[in-house]
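Notes follow the structure.
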Amino acid sequence: MSRIIGIGCDITSHEVTDKLNWNSDKRVLERIFSKNEIDLYEENSSITFLCGRFAAKEALLKSIGTGMEDGISLRDIVILRLPNGQPTIEVTGRVKEIADSLGINNWQVSISHSDKSSIAFVIAHG
């Protein structure tokens, strides 16, 4: 039986993110998002998509109790989607090390959007 190890939530403003020029500066995208995430973004070119993925990454970090800290790269958290559109998570690097040390072997993620912001919830299971 699986147990919940952590829960995280984050909300990201579309307006603030748009002012940071994520959608027009490839270097910024490449610091935050994996190639696969950038490819998905380029399919729909929506600031909403980027905000949702960013919120999910931040929510995951909260679910493992770290937040952003030295040695953690947001690129170590990859938010992809299953064929049915459901978001799914892959972790690598330092984030995977932390997840493994906590006994996390499964993630649940939900991403939602309004006109002004995107929100994500992540549940870490072990």
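We name chains A, B, ... following the order of the structure tokens; residues begin at 1 in each chain, and ligands are numbered from 1 as shown.
If you count only C-alpha atoms and ignore residues fewer than 4 places along the chain from Ser13 (chain A), what sits within 9 Å of it is Thr17, Asp18, Cys51, Lys116, Ser117, Ser118 and Ile119 of chain A.
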* May I have the residues within 8 Å of Val95 (chain A) as a VMD selection string, using only C-alpha atoms and disregarding those fewer than 4 positions away in the same chain? => chain A and resid 72 to 73 76 to 77 91 99
* **Surrounding residues of Ser114 (chain A) excluding itself and chain neighbours under 6 positions, 12 Å, only C-alpha atoms, as a PyMOL selection string** => chain A and resi 11-15+47-49+51-52+120
* **Residue list (strand (DSSP E or B), DSSP) for chain A, as an MDAnalysis selection string** => chainID A and resid 4:13 77:81 87:91 106:113 117:125
* Asked: Smallest atom-to-atom distance to Asn105 (chain A): which of A:Glu90, A:Glu30, A:Glu42, A:Glu37, using only C-alpha atoms?
  -> A:Glu90
* Asked: For Leu80 (chain A), which of A:Ser2, A:Asp10, A:Val28, A:Ile38 is the closest residue, counting only C-alpha atoms?
  ->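 Of the candidates, the smallest distance to Leu80 (chain A) is held by A:Ile38.
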* Point out the residue among A:Trp107, A:Phe54, A:Tyr41, A:Trp22 with the least atom-to-atom distance to Val122 (chain A), counting only C-alpha atoms. => A:Trp107
* Atomic separation - CA of Lys19 (chain A) relative to CA of Asn36 (chain A), Å -> 23.7 Å
* Asked: Of the candidates A:Arg3, A:Lys26, A:Arg53, A:Arg31, which one gets nearest to Phe121 (chain A) if we count only C-alpha atoms?
  -> A:Arg53
* To do: as a PyMOL selection string, please: all residues of region 20-121 of chain A that backbone DSSP puts in alpha helix (DSSP H).
  => chain A and resi 26-32+35-44+47-63+93-102
* To do: Might you pull out every residue within 7 Å of region 59-64 of chain A, with only C-alpha atoms counted and same-chain residues fewer than 2 positions away left off, and present them as a PyMOL selection string?
  => chain A and resi 6-10+55-57+66-68+99+120-124
* Work out how far CA of Gly126 (chain A) is from CA of Ile4 (chain A), in Å to one decimal. =>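 Value for the CA of Ile4 (chain A)-CA of Gly126 (chain A) distance: 6.4 Å.
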* Tell me, in Å to one decimal, how far CA of His125 (chain A) is from CA of Gly103 (chain A). =>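 One can read the CA of His125 (chain A) to CA of Gly103 (chain A) distance as 8.0 Å.
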